[in-house]
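Here's the structure we're looking at; comments come further down.
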Amino acid sequence: MSVFDGLKFRKVSSPIHNLDPRVKFVYVICIFVAAILFRDILPMIVLFVMQLPFVFLARVQRQWLRSLRGAAFLASFIFIINIVTTYFTKSYTLPVADVENAVAMTMRFVVLVESFSVFFLTTSPDHLGLALETSRVPYEFAFAFTTAVRFVPVLAEEAQTIMDAQKARGLELEKGGLMKRIRNYIPILIPLIVSAIRRSLELAEAMESRAWGACKKRTNLFALRLRRGDYVLIALTIIVLVVAIYTYLFLSIPTIASLIGIV
Amino acid sequence: MKTTYTSEFKNPTSFRNPKVLAEIAIFTALATALSTIVIYVMPQGGSITLASMVPILWLSLRRGPLVGVVTGAIYGVVQFMLLPYAIDPIQVLLDYPLAFAVLGLAGFFQKWPVVGTAVGIGLRFVMHFLAGAIYWAPIYAPGIDPIIYSSVYNGSYLLPELAVSGFILFLLQKTKVLKAYL
């Protein structure tokens, strides 16, 4: 279940994981906005490099590389299409500026996608639920979100078990046309849905027996508090925002071509 | 401590009812789990998942549109968490929470599940179509007409999903699982 690695609730302790998720989210939004503002290659490289310390401090390189691989597939697609259309619209020539523009668009896509990826890789789902709750999202939604995330690996395992059980009884899943295959999945889907309803009934009983929603104001054992690292990140966020807006308004960004003197 | 055990907690269509809330959470998880199981690999390389939209459509047919919309929105957020393709704030809204929240509107057609499925997935197509035409087409396919690009791309995987989900919901309705343990 490698896809659901990010959904596992485990206690990971790293300088980044311990940061307040709200502050981290604001920082990610700020990187996102900066990436939307610019369309040149230089700021994209800067924004990309800025994400690296986070990845290495949180020791999530492996997961990060995997998400990067997914983004790289789409990014290469974007790059090729951009190059091809330029080639045909500019009457079969490839000006350096246009190639650079294509690279910048691709980098921009990667930076935009990875900014959120880094946030979700370094924030555990329970922290996320806590953050939702403290930022005035109705508790029902925060609860449904955390519980759903928590149950994904359980239900994925159950789906696999039911599939194996039905296969052992002679159900053939990899045979026939599309309609036949869909019909074959009904004996899997019905037990899965019924067991999901049963599970939800158990969950509802557990909730009610613990007086879920009895008092309007809930308290938490672990409250989110801003620590020293969070203030550093807040300062960093403000610096990034100010520099990005200043650069956007008052400076003209040199292209790589003009820097190394091709043009 | 004064308890506030109101009628809302007994109402079978309110998401404040613990029973309904538990179903929302479990079915969001089920949809996420199903979205990784591939039924059929299409000739051109696309794949049809084991009807990952069925749990959401099913819950909205069972509990009404409001619960369906809430479930869809939460499912969208979980999907965003797994695969955050973000290129613009509005695009994120259209492609994730909104696209899945509109699936819940199938709950208006509780008597005709197949019509509800078609409406829900049709509206999801509209959301992805808007996001595709406005935000994805300019960076993905600068040379192609954004309307054609977006409708072809989104239609290519939503039409088979519609067929699968409609067929499965039709069969589920016949087996009366739709209203089990209500």
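In the structure tokens, the first chain shown is A, the next is B, and so on; residue numbers restart at 1 for each chain, and ligands run from 1 in the order shown.
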Hey, what's within 8 Å of range 112-115 of chain A if we count only C-alpha atoms and toss same-chain stuff fewer than 2 positions away? As a ChimeraX atom specification, please? /A:28,31-32,35-36,51,67-68,71,108-110,117-119 /B:84-87
Report as number ranges by chain: the residues of range 23-83 of chain B with a DSSP assignment of strand (DSSP E or B), based on the backbone of this structure. B: 38-41, 47-49
Given only C-alpha atoms as the counted atoms, nearest of A:Ile41, A:Ile238, A:Thr93, A:Arg227 to Tyr27 in chain A: A:Ile238
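Minimum atom-to-atom distances from A:Leu155, A:Leu173, A:Ala223, A:Ile45 to Gly129 in chain A were compared using only C-alpha atoms, and the lowest value belongs to A:Ala223.
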Nearest-residue call for Glu205 in chain A, choices B:Val69, B:Ala22, B:Ile121, B:Val102, using only C-alpha atoms: B:Ala22
Closest-contact table, chain B side, partner chain A, 6 Å, counting only C-alpha atoms, as a Markdown table:
| residue | atom | partner | partner_atom | distance |
| --- | --- | --- | --- | --- |
| B:Thr3 | CA | A:Ala214 | CA | 5.1 |
| B:Thr4 | CA | A:Ala214 | CA | 5.8 |
| B:Pro18 | CA | A:Ala204 | CA | 5.4 |
| B:Lys19 | CA | A:Ala204 | CA | 4.8 |
| B:Ala22 | CA | A:Ser200 | CA | 5.1 |
| B:Glu23 | CA | A:Ser200 | CA | 5.2 |
| B:Ala25 | CA | A:Ala148 | CA | 4.4 |
| B:Ile26 | CA | A:Ala148 | CA | 5.8 |
| B:Thr28 | CA | A:Ala148 | CA | 5.7 |
| B:Ala29 | CA | A:Val152 | CA | 4.5 |
| B:Leu30 | CA | A:Leu155 | CA | 6.0 |
| B:Ala33 | CA | A:Ala156 | CA | 4.8 |
| B:Tyr85 | CA | A:Val113 | CA | 5.2 |
| B:Ala86 | CA | A:Val113 | CA | 5.3 |
| B:Ile87 | CA | A:Leu112 | CA | 5.8 |
| B:Tyr140 | CA | A:Ile78 | CA | 5.3 |
| B:Gly143 | CA | A:Thr85 | CA | 5.9 |
Computed interatomic separation between CA of Val67 in chain B and CA of Ala99 in chain B (Å): 15.3 Å
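Remark: for Ser14 in chain A, the closest of the candidate residues A:Leu57, A:Met107, A:Leu52, A:Val242 is A:Leu57 (distances computed over only C-alpha atoms).
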Calculated over only C-alpha atoms, which of the candidates A:Phe25, A:Phe54, A:Phe222, A:Tyr246 has the smallest distance to Asp126 in chain A? A:Phe222
Separation of CA of Leu57 in chain B and CA of Glu161 in chain B, in Å? 12.4 Å
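Among the candidates B:Gly155, B:Arg63, B:Ala51, B:Phe100, the one nearest to Leu21 in chain B when counting only C-alpha atoms is B:Arg63.
Straight-line separation from CA of Leu162 in chain B to CA of Leu34 in chain B: 15.3 Å.
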